[in-house]
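Student: Just start.cif, nothing more (mmCIF, N, CA and C atoms):
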```cif
data_model
loop_
_atom_site.label_atom_id
_atom_site.label_comp_id
_atom_site.auth_asym_id
_atom_site.auth_seq_id
_atom_site.Cartn_x
_atom_site.Cartn_y
_atom_site.Cartn_z
N GLN A 1 -3.99 -16.85 8.76
CA GLN A 1 -3.65 -15.59 9.41
C GLN A 1 -2.39 -15.01 8.77
N VAL A 2 -2.44 -13.72 8.51
CA VAL A 2 -1.28 -13.01 7.96
C VAL A 2 -0.99 -11.82 8.85
N GLN A 3 0.26 -11.66 9.20
CA GLN A 3 0.67 -10.49 9.97
C GLN A 3 1.38 -9.51 9.05
N LEU A 4 1.02 -8.24 9.18
CA LEU A 4 1.60 -7.18 8.35
C LEU A 4 2.15 -6.10 9.27
N VAL A 5 3.37 -5.68 8.99
CA VAL A 5 3.98 -4.62 9.78
C VAL A 5 4.55 -3.57 8.84
N GLU A 6 4.00 -2.36 8.93
CA GLU A 6 4.46 -1.26 8.08
C GLU A 6 5.56 -0.49 8.78
N SER A 7 6.39 0.16 7.99
CA SER A 7 7.42 1.05 8.51
C SER A 7 7.78 2.06 7.43
N GLY A 8 8.50 3.10 7.85
CA GLY A 8 9.01 4.06 6.88
C GLY A 8 8.28 5.39 6.84
N GLY A 9 7.21 5.52 7.60
CA GLY A 9 6.51 6.79 7.62
C GLY A 9 7.33 7.86 8.33
N GLY A 10 6.84 9.10 8.24
CA GLY A 10 7.55 10.19 8.90
C GLY A 10 7.08 11.53 8.40
N LEU A 11 7.85 12.54 8.74
CA LEU A 11 7.57 13.92 8.35
C LEU A 11 8.52 14.32 7.23
N VAL A 12 7.97 14.86 6.17
CA VAL A 12 8.77 15.27 5.02
C VAL A 12 8.20 16.56 4.45
N GLN A 13 9.05 17.35 3.85
CA GLN A 13 8.59 18.58 3.21
C GLN A 13 7.97 18.28 1.86
N ALA A 14 7.09 19.15 1.43
CA ALA A 14 6.49 19.01 0.11
C ALA A 14 7.58 18.91 -0.96
N GLY A 15 7.38 17.99 -1.89
CA GLY A 15 8.38 17.74 -2.93
C GLY A 15 9.36 16.65 -2.57
N GLY A 16 9.34 16.23 -1.34
CA GLY A 16 10.27 15.20 -0.87
C GLY A 16 9.78 13.80 -1.18
N SER A 17 10.55 12.82 -0.67
CA SER A 17 10.28 11.41 -0.94
C SER A 17 10.30 10.61 0.35
N LEU A 18 9.56 9.51 0.32
CA LEU A 18 9.58 8.54 1.40
C LEU A 18 9.36 7.17 0.78
N ARG A 19 9.88 6.14 1.44
CA ARG A 19 9.59 4.77 1.03
C ARG A 19 8.99 4.02 2.19
N LEU A 20 7.78 3.54 1.99
CA LEU A 20 7.12 2.72 3.00
C LEU A 20 7.41 1.25 2.72
N SER A 21 7.55 0.50 3.79
CA SER A 21 7.76 -0.94 3.68
C SER A 21 6.67 -1.66 4.46
N CYS A 22 6.35 -2.86 4.00
CA CYS A 22 5.38 -3.70 4.69
C CYS A 22 5.92 -5.12 4.68
N ALA A 23 6.20 -5.63 5.86
CA ALA A 23 6.70 -7.00 5.99
C ALA A 23 5.54 -7.92 6.32
N ALA A 24 5.47 -9.04 5.62
CA ALA A 24 4.36 -9.98 5.81
C ALA A 24 4.87 -11.32 6.30
N SER A 25 4.04 -11.97 7.10
CA SER A 25 4.36 -13.32 7.57
C SER A 25 3.07 -14.09 7.80
N GLY A 26 3.19 -15.41 7.77
CA GLY A 26 2.04 -16.25 8.06
C GLY A 26 1.51 -17.04 6.89
N ARG A 27 1.83 -16.63 5.67
CA ARG A 27 1.37 -17.35 4.48
C ARG A 27 2.47 -17.25 3.44
N PRO A 28 2.50 -18.18 2.48
CA PRO A 28 3.46 -18.04 1.37
C PRO A 28 3.26 -16.72 0.65
N PHE A 29 4.28 -15.87 0.72
CA PHE A 29 4.13 -14.50 0.25
C PHE A 29 3.87 -14.42 -1.24
N SER A 30 4.42 -15.34 -2.00
CA SER A 30 4.28 -15.27 -3.46
C SER A 30 2.84 -15.47 -3.92
N SER A 31 1.97 -15.97 -3.07
CA SER A 31 0.57 -16.18 -3.43
C SER A 31 -0.33 -15.01 -3.04
N LEU A 32 0.24 -14.02 -2.38
CA LEU A 32 -0.55 -12.92 -1.84
C LEU A 32 -0.56 -11.72 -2.77
N ALA A 33 -1.72 -11.13 -2.95
CA ALA A 33 -1.84 -9.85 -3.64
C ALA A 33 -1.92 -8.75 -2.58
N MET A 34 -1.25 -7.66 -2.83
CA MET A 34 -1.09 -6.64 -1.80
C MET A 34 -1.63 -5.29 -2.26
N GLY A 35 -1.89 -4.44 -1.28
CA GLY A 35 -2.33 -3.10 -1.59
C GLY A 35 -1.94 -2.12 -0.51
N TRP A 36 -1.92 -0.86 -0.88
CA TRP A 36 -1.73 0.25 0.06
C TRP A 36 -2.97 1.14 0.01
N PHE A 37 -3.43 1.51 1.18
CA PHE A 37 -4.54 2.44 1.33
C PHE A 37 -4.08 3.54 2.28
N ARG A 38 -4.84 4.62 2.32
CA ARG A 38 -4.52 5.69 3.26
C ARG A 38 -5.80 6.32 3.79
N GLN A 39 -5.66 6.91 4.97
CA GLN A 39 -6.80 7.59 5.58
C GLN A 39 -6.33 8.87 6.23
N ALA A 40 -6.87 9.98 5.75
CA ALA A 40 -6.57 11.29 6.31
C ALA A 40 -7.61 11.61 7.39
N PRO A 41 -7.27 12.50 8.30
CA PRO A 41 -8.23 12.86 9.37
C PRO A 41 -9.55 13.35 8.79
N GLY A 42 -10.65 12.79 9.27
CA GLY A 42 -11.97 13.22 8.83
C GLY A 42 -12.38 12.70 7.48
N LYS A 43 -11.56 11.84 6.89
CA LYS A 43 -11.88 11.31 5.57
C LYS A 43 -11.95 9.79 5.61
N GLU A 44 -12.58 9.22 4.60
CA GLU A 44 -12.66 7.77 4.50
C GLU A 44 -11.34 7.20 3.98
N ARG A 45 -11.14 5.93 4.29
CA ARG A 45 -9.96 5.25 3.78
C ARG A 45 -10.07 5.19 2.26
N GLU A 46 -8.94 5.44 1.59
CA GLU A 46 -8.95 5.44 0.13
C GLU A 46 -7.81 4.59 -0.43
N PHE A 47 -8.06 4.06 -1.60
CA PHE A 47 -7.09 3.24 -2.31
C PHE A 47 -5.92 4.09 -2.79
N VAL A 48 -4.72 3.53 -2.68
CA VAL A 48 -3.52 4.20 -3.18
C VAL A 48 -2.89 3.40 -4.32
N ALA A 49 -2.57 2.13 -4.05
CA ALA A 49 -1.89 1.31 -5.05
C ALA A 49 -2.09 -0.16 -4.72
N ALA A 50 -1.97 -1.00 -5.75
CA ALA A 50 -2.09 -2.44 -5.57
C ALA A 50 -1.10 -3.15 -6.48
N VAL A 51 -0.74 -4.36 -6.06
CA VAL A 51 0.19 -5.17 -6.85
C VAL A 51 -0.29 -6.62 -6.81
N SER A 52 -0.10 -7.31 -7.93
CA SER A 52 -0.53 -8.71 -8.03
C SER A 52 0.41 -9.63 -7.26
N TRP A 53 0.02 -10.90 -7.13
CA TRP A 53 0.83 -11.85 -6.40
C TRP A 53 2.23 -12.02 -7.01
N SER A 54 2.31 -11.90 -8.33
CA SER A 54 3.60 -12.05 -8.99
C SER A 54 4.45 -10.80 -8.89
N GLY A 55 3.80 -9.68 -8.65
CA GLY A 55 4.49 -8.40 -8.64
C GLY A 55 4.54 -7.73 -10.00
N ARG A 56 4.01 -8.38 -11.00
CA ARG A 56 4.14 -7.86 -12.37
C ARG A 56 3.02 -6.92 -12.77
N ILE A 57 1.89 -6.98 -12.09
CA ILE A 57 0.76 -6.12 -12.44
C ILE A 57 0.50 -5.15 -11.29
N THR A 58 0.37 -3.88 -11.65
CA THR A 58 0.15 -2.85 -10.64
C THR A 58 -1.03 -1.96 -11.04
N ASP A 59 -1.56 -1.26 -10.06
CA ASP A 59 -2.65 -0.32 -10.28
C ASP A 59 -2.49 0.82 -9.30
N TYR A 60 -2.88 2.02 -9.71
CA TYR A 60 -2.71 3.20 -8.88
C TYR A 60 -3.96 4.08 -8.90
N ALA A 61 -4.17 4.77 -7.80
CA ALA A 61 -5.17 5.82 -7.80
C ALA A 61 -4.68 6.95 -8.69
N ASP A 62 -5.62 7.64 -9.33
CA ASP A 62 -5.24 8.73 -10.23
C ASP A 62 -4.42 9.80 -9.51
N SER A 63 -4.72 10.01 -8.24
CA SER A 63 -4.06 11.07 -7.49
C SER A 63 -2.57 10.81 -7.24
N VAL A 64 -2.13 9.56 -7.41
CA VAL A 64 -0.72 9.25 -7.13
C VAL A 64 0.02 8.74 -8.35
N LYS A 65 -0.67 8.55 -9.45
CA LYS A 65 -0.01 8.04 -10.67
C LYS A 65 1.13 8.95 -11.08
N GLY A 66 2.25 8.33 -11.40
CA GLY A 66 3.42 9.08 -11.81
C GLY A 66 4.28 9.55 -10.65
N ARG A 67 3.76 9.45 -9.43
CA ARG A 67 4.54 9.88 -8.26
C ARG A 67 4.87 8.72 -7.33
N PHE A 68 3.97 7.75 -7.24
CA PHE A 68 4.15 6.61 -6.34
C PHE A 68 4.42 5.35 -7.16
N THR A 69 5.21 4.46 -6.57
CA THR A 69 5.49 3.18 -7.20
C THR A 69 5.37 2.07 -6.16
N ILE A 70 4.54 1.08 -6.46
CA ILE A 70 4.40 -0.08 -5.59
C ILE A 70 5.24 -1.21 -6.16
N SER A 71 5.89 -1.95 -5.27
CA SER A 71 6.68 -3.09 -5.72
C SER A 71 6.60 -4.20 -4.67
N LYS A 72 6.81 -5.42 -5.15
CA LYS A 72 6.67 -6.60 -4.28
C LYS A 72 7.92 -7.44 -4.43
N ASP A 73 8.55 -7.77 -3.34
CA ASP A 73 9.75 -8.59 -3.35
C ASP A 73 9.41 -9.92 -2.68
N ASN A 74 9.14 -10.93 -3.49
CA ASN A 74 8.73 -12.21 -2.94
C ASN A 74 9.87 -12.91 -2.18
N ALA A 75 11.08 -12.56 -2.50
CA ALA A 75 12.22 -13.17 -1.79
C ALA A 75 12.36 -12.61 -0.38
N LYS A 76 11.90 -11.38 -0.19
CA LYS A 76 12.03 -10.73 1.12
C LYS A 76 10.70 -10.65 1.87
N ASN A 77 9.65 -11.21 1.28
CA ASN A 77 8.31 -11.16 1.91
C ASN A 77 7.91 -9.73 2.25
N ALA A 78 8.12 -8.84 1.30
CA ALA A 78 7.86 -7.44 1.57
C ALA A 78 7.25 -6.74 0.36
N VAL A 79 6.47 -5.73 0.65
CA VAL A 79 5.93 -4.86 -0.38
C VAL A 79 6.32 -3.44 -0.02
N TYR A 80 6.58 -2.63 -1.04
CA TYR A 80 7.08 -1.28 -0.82
C TYR A 80 6.20 -0.27 -1.53
N LEU A 81 6.19 0.94 -1.01
CA LEU A 81 5.54 2.05 -1.69
C LEU A 81 6.53 3.20 -1.72
N GLN A 82 7.12 3.42 -2.89
CA GLN A 82 8.03 4.54 -3.08
C GLN A 82 7.20 5.77 -3.43
N MET A 83 7.34 6.81 -2.63
CA MET A 83 6.55 8.02 -2.83
C MET A 83 7.48 9.19 -3.14
N LYS A 84 7.22 9.85 -4.27
CA LYS A 84 8.04 11.00 -4.67
C LYS A 84 7.13 12.19 -4.90
N SER A 85 7.74 13.35 -4.99
CA SER A 85 7.00 14.60 -5.23
C SER A 85 5.79 14.69 -4.30
N LEU A 86 6.04 14.44 -3.04
CA LEU A 86 4.94 14.42 -2.06
C LEU A 86 4.30 15.79 -1.90
N LYS A 87 3.00 15.75 -1.65
CA LYS A 87 2.20 16.96 -1.49
C LYS A 87 1.56 16.94 -0.10
N PRO A 88 1.20 18.10 0.42
CA PRO A 88 0.52 18.13 1.72
C PRO A 88 -0.73 17.26 1.75
N GLU A 89 -1.42 17.15 0.62
CA GLU A 89 -2.64 16.33 0.57
C GLU A 89 -2.36 14.83 0.62
N ASP A 90 -1.09 14.45 0.57
CA ASP A 90 -0.73 13.04 0.76
C ASP A 90 -0.65 12.68 2.25
N THR A 91 -0.77 13.66 3.11
CA THR A 91 -0.71 13.41 4.54
C THR A 91 -1.85 12.49 4.97
N ALA A 92 -1.49 11.39 5.62
CA ALA A 92 -2.48 10.39 6.03
C ALA A 92 -1.77 9.28 6.79
N VAL A 93 -2.56 8.40 7.36
CA VAL A 93 -2.05 7.13 7.85
C VAL A 93 -2.13 6.15 6.69
N TYR A 94 -1.02 5.51 6.39
CA TYR A 94 -0.94 4.58 5.28
C TYR A 94 -0.99 3.15 5.81
N TYR A 95 -1.85 2.34 5.18
CA TYR A 95 -2.06 0.96 5.60
C TYR A 95 -1.68 0.00 4.48
N CYS A 96 -1.02 -1.05 4.86
CA CYS A 96 -0.73 -2.17 3.98
C CYS A 96 -1.84 -3.21 4.16
N ALA A 97 -2.25 -3.85 3.09
CA ALA A 97 -3.32 -4.84 3.18
C ALA A 97 -3.02 -6.00 2.23
N VAL A 98 -3.64 -7.14 2.51
CA VAL A 98 -3.37 -8.34 1.73
C VAL A 98 -4.66 -9.06 1.35
N ARG A 99 -4.69 -9.62 0.16
CA ARG A 99 -5.75 -10.53 -0.27
C ARG A 99 -5.13 -11.92 -0.34
N VAL A 100 -5.63 -12.84 0.43
CA VAL A 100 -4.98 -14.15 0.54
C VAL A 100 -5.40 -15.12 -0.55
N THR A 101 -6.58 -14.94 -1.11
CA THR A 101 -7.02 -15.79 -2.22
C THR A 101 -7.53 -14.89 -3.34
N PRO A 102 -6.60 -14.18 -3.97
CA PRO A 102 -7.03 -13.21 -4.98
C PRO A 102 -7.62 -13.87 -6.21
N THR A 103 -8.75 -13.35 -6.65
CA THR A 103 -9.39 -13.85 -7.87
C THR A 103 -9.11 -12.93 -9.05
N MET A 104 -8.48 -11.81 -8.79
CA MET A 104 -8.04 -10.90 -9.84
C MET A 104 -6.70 -10.33 -9.42
N PRO A 105 -5.89 -9.91 -10.39
CA PRO A 105 -4.51 -9.50 -10.05
C PRO A 105 -4.43 -8.35 -9.06
N THR A 106 -5.27 -7.32 -9.25
CA THR A 106 -5.25 -6.17 -8.36
C THR A 106 -6.68 -5.79 -8.00
N SER A 107 -6.83 -5.04 -6.94
CA SER A 107 -8.13 -4.54 -6.53
C SER A 107 -7.98 -3.23 -5.80
N ASN A 108 -8.89 -2.29 -6.10
CA ASN A 108 -8.90 -1.01 -5.39
C ASN A 108 -10.02 -0.97 -4.34
N ASP A 109 -10.64 -2.11 -4.08
CA ASP A 109 -11.77 -2.20 -3.16
C ASP A 109 -11.27 -2.73 -1.81
N ALA A 110 -11.33 -1.90 -0.79
CA ALA A 110 -10.84 -2.28 0.52
C ALA A 110 -11.57 -3.51 1.07
N ARG A 111 -12.81 -3.72 0.66
CA ARG A 111 -13.58 -4.85 1.17
C ARG A 111 -13.05 -6.19 0.70
N ARG A 112 -12.22 -6.18 -0.32
CA ARG A 112 -11.67 -7.43 -0.84
C ARG A 112 -10.39 -7.86 -0.12
N TYR A 113 -9.91 -7.02 0.77
CA TYR A 113 -8.67 -7.32 1.48
C TYR A 113 -8.97 -7.99 2.81
N ASP A 114 -8.15 -8.97 3.14
CA ASP A 114 -8.45 -9.83 4.28
C ASP A 114 -7.73 -9.42 5.57
N TYR A 115 -6.53 -8.91 5.44
CA TYR A 115 -5.75 -8.53 6.63
C TYR A 115 -5.12 -7.16 6.39
N TRP A 116 -4.96 -6.44 7.49
CA TRP A 116 -4.44 -5.08 7.44
C TRP A 116 -3.33 -4.90 8.48
N GLY A 117 -2.39 -4.02 8.12
CA GLY A 117 -1.38 -3.63 9.09
C GLY A 117 -1.92 -2.56 10.03
N GLN A 118 -1.06 -2.13 10.93
CA GLN A 118 -1.47 -1.16 11.94
C GLN A 118 -1.41 0.27 11.43
N GLY A 119 -0.76 0.48 10.33
CA GLY A 119 -0.67 1.81 9.73
C GLY A 119 0.60 2.54 10.12
N THR A 120 1.04 3.43 9.24
CA THR A 120 2.19 4.27 9.51
C THR A 120 1.86 5.69 9.05
N GLN A 121 2.20 6.66 9.88
CA GLN A 121 1.83 8.05 9.61
C GLN A 121 2.80 8.68 8.62
N VAL A 122 2.23 9.33 7.62
CA VAL A 122 3.01 10.15 6.67
C VAL A 122 2.48 11.57 6.77
N THR A 123 3.36 12.50 7.06
CA THR A 123 2.99 13.90 7.17
C THR A 123 3.85 14.71 6.22
N VAL A 124 3.20 15.46 5.33
CA VAL A 124 3.91 16.28 4.36
C VAL A 124 3.63 17.74 4.68
N SER A 125 4.67 18.47 4.99
CA SER A 125 4.51 19.87 5.34
C SER A 125 4.65 20.73 4.09
N ALA A 126 3.92 21.85 4.09
CA ALA A 126 3.94 22.75 2.93
C ALA A 126 5.24 23.55 2.87
#
```
With the file now loaded, output its structure as structure tokens.

Tutor:
Amino acid sequence: QVQLVESGGGLVQAGGSLRLSCAASGRPFSSLAMGWFRQAPGKEREFVAAVSWSGRITDYADSVKGRFTISKDNAKNAVYLQMKSLKPEDTAVYYCAVRVTPTMPTSNDARRYDYWGQGTQVTVSA
């Protein structure tokens, strides 16, 4: 069992920045591969970013490349999503997720993730 708690969401103007945090507990964090997904109203959940268990390999959705940065701090049992140049279309509930026995460094497939956080709302105003 892994518990995930997200924080850092909020309301920001277009062009602004936010940093999301996800604190994990329940398993040795250094063995976990992590990801961020988001879901906007009326839309399916979509992949945002992923990071390997070591934190050295990352992957991003095309829509956020160059604007978002995922990072993993194994000493703090936390994963972060730094978001810059935010756009109204980034508005969504953002979820942190974990793969406990990763067979590949990163994954953009939500079905491969074993545990999910409760989500944190990000709203970007025009």

Student: Taking (-2.1, 12.9, 2.8) in the file's coordinates as the center, which residues reach within 7 Å of it, counting only N, CA and C atoms, put as a ChimeraX atom specification?

Tutor: /A:39-40,87-93,122-124

Student: What does the distance between atom CA of Arg67 of chain A and atom N of Val79 of chain A come to in Å, to one decimal place?

Tutor: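 Separation of atom CA of Arg67 of chain A and atom N of Val79 of chain A: 18.1 Å.
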
Student: Assign secondary structure with DSSP using the backbone only, and return the residues of segment 15-124 of chain A in strand (DSSP E) as an NGL selection string.

Tutor: :A and (18-25 or 33-39 or 46-51 or 58-60 or 68-73 or 78-83 or 92-99 or 115-116 or 120-124)

Student: For a quick check of your reading of the model, name the residues lying within 10 Å of the coordinate (2.9, -11.6, -5.7), counting only C-alpha atoms, and write them as a short mmCIF file (atom, residue, chain, number, x, y, z; two decimals) with N, CA and C atoms, keeping the file's coordinate frame.

Tutor:
```cif
data_model
loop_
_atom_site.label_atom_id
_atom_site.label_comp_id
_atom_site.auth_asym_id
_atom_site.auth_seq_id
_atom_site.Cartn_x
_atom_site.Cartn_y
_atom_site.Cartn_z
N PRO A 28 2.50 -18.18 2.48
CA PRO A 28 3.46 -18.04 1.37
C PRO A 28 3.26 -16.72 0.65
N PHE A 29 4.28 -15.87 0.72
CA PHE A 29 4.13 -14.50 0.25
C PHE A 29 3.87 -14.42 -1.24
N SER A 30 4.42 -15.34 -2.00
CA SER A 30 4.28 -15.27 -3.46
C SER A 30 2.84 -15.47 -3.92
N SER A 31 1.97 -15.97 -3.07
CA SER A 31 0.57 -16.18 -3.43
C SER A 31 -0.33 -15.01 -3.04
N LEU A 32 0.24 -14.02 -2.38
CA LEU A 32 -0.55 -12.92 -1.84
C LEU A 32 -0.56 -11.72 -2.77
N ALA A 33 -1.72 -11.13 -2.95
CA ALA A 33 -1.84 -9.85 -3.64
C ALA A 33 -1.92 -8.75 -2.58
N MET A 34 -1.25 -7.66 -2.83
CA MET A 34 -1.09 -6.64 -1.80
C MET A 34 -1.63 -5.29 -2.26
N VAL A 51 -0.74 -4.36 -6.06
CA VAL A 51 0.19 -5.17 -6.85
C VAL A 51 -0.29 -6.62 -6.81
N SER A 52 -0.10 -7.31 -7.93
CA SER A 52 -0.53 -8.71 -8.03
C SER A 52 0.41 -9.63 -7.26
N TRP A 53 0.02 -10.90 -7.13
CA TRP A 53 0.83 -11.85 -6.40
C TRP A 53 2.23 -12.02 -7.01
N SER A 54 2.31 -11.90 -8.33
CA SER A 54 3.60 -12.05 -8.99
C SER A 54 4.45 -10.80 -8.89
N GLY A 55 3.80 -9.68 -8.65
CA GLY A 55 4.49 -8.40 -8.64
C GLY A 55 4.54 -7.73 -10.00
N ARG A 56 4.01 -8.38 -11.00
CA ARG A 56 4.14 -7.86 -12.37
C ARG A 56 3.02 -6.92 -12.77
N ILE A 57 1.89 -6.98 -12.09
CA ILE A 57 0.76 -6.12 -12.44
C ILE A 57 0.50 -5.15 -11.29
N SER A 71 5.89 -1.95 -5.27
CA SER A 71 6.68 -3.09 -5.72
C SER A 71 6.60 -4.20 -4.67
N LYS A 72 6.81 -5.42 -5.15
CA LYS A 72 6.67 -6.60 -4.28
C LYS A 72 7.92 -7.44 -4.43
N ASP A 73 8.55 -7.77 -3.34
CA ASP A 73 9.75 -8.59 -3.35
C ASP A 73 9.41 -9.92 -2.68
N ASN A 74 9.14 -10.93 -3.49
CA ASN A 74 8.73 -12.21 -2.94
C ASN A 74 9.87 -12.91 -2.18
N ASN A 77 9.65 -11.21 1.28
CA ASN A 77 8.31 -11.16 1.91
C ASN A 77 7.91 -9.73 2.25
N ALA A 78 8.12 -8.84 1.30
CA ALA A 78 7.86 -7.44 1.57
C ALA A 78 7.25 -6.74 0.36
N VAL A 79 6.47 -5.73 0.65
CA VAL A 79 5.93 -4.86 -0.38
C VAL A 79 6.32 -3.44 -0.02
N PRO A 105 -5.89 -9.91 -10.39
CA PRO A 105 -4.51 -9.50 -10.05
C PRO A 105 -4.43 -8.35 -9.06
#
```

Student: Return the single residue from A:Gly15, A:Thr103, A:Lys65, A:Ser21 that is closest to Tyr80 of chain A, with distances computed using only N, CA and C atoms.

Tutor: A:Ser21

Student: So which one's closest to Cys96 of chain A, A:Ala61, A:Glu6, A:Arg111, A:Gln82? Using all atoms listed in the file, please.

Tutor: A:Glu6

Student: Could you work out how far atom CA of Cys22 of chain A lies from atom CA of Gln118 of chain A, giving the answer in Å with one decimal?

Tutor: 10.3 Å

Student: Just the residues within 7 Å of Leu81 of chain A, please, counting only C-alpha atoms, with nothing from its chain fewer than 4 positions along; format it as a list in words.

Tutor: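 Once the nearby chain positions are removed, what remains is Arg19, Leu20, Ser21, Phe68, Thr69, Ile70 and Ser71 of chain A.
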
Student: Just give me the gap between atom N of Arg99 of chain A and atom C of Gly8 of chain A in Å, one decimal is fine.

Tutor: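 Distance between the two atoms: 20.9 Å.
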
Student: Using only C-alpha atoms, which residues sit within 6 Å of Ala97 of chain A once same-chain residues fewer than 3 positions away are excluded, as a ChimeraX atom specification?

Tutor: /A:34-35,115-116

Student: Residues near Leu18 of chain A, anyone? I mean within 8 Å using all atoms listed in the file, not counting same-chain ones fewer than 6 positions away, as a PyMOL selection string.

Tutor: chain A and resi 8-10+12+81-86

Student: Could you pull the residues within 8 Å of Gly26 of chain A, counting only N, CA and C atoms, minus those fewer than 4 positions along the same chain, as a PyMOL selection string?

Tutor: chain A and resi 1-4

Student: Using only N, CA and C atoms, find the one residue out of A:Arg38, A:Ala126, A:Phe47, A:Asp62 that sits nearest to Asp109 of chain A.

Tutor: A:Phe47
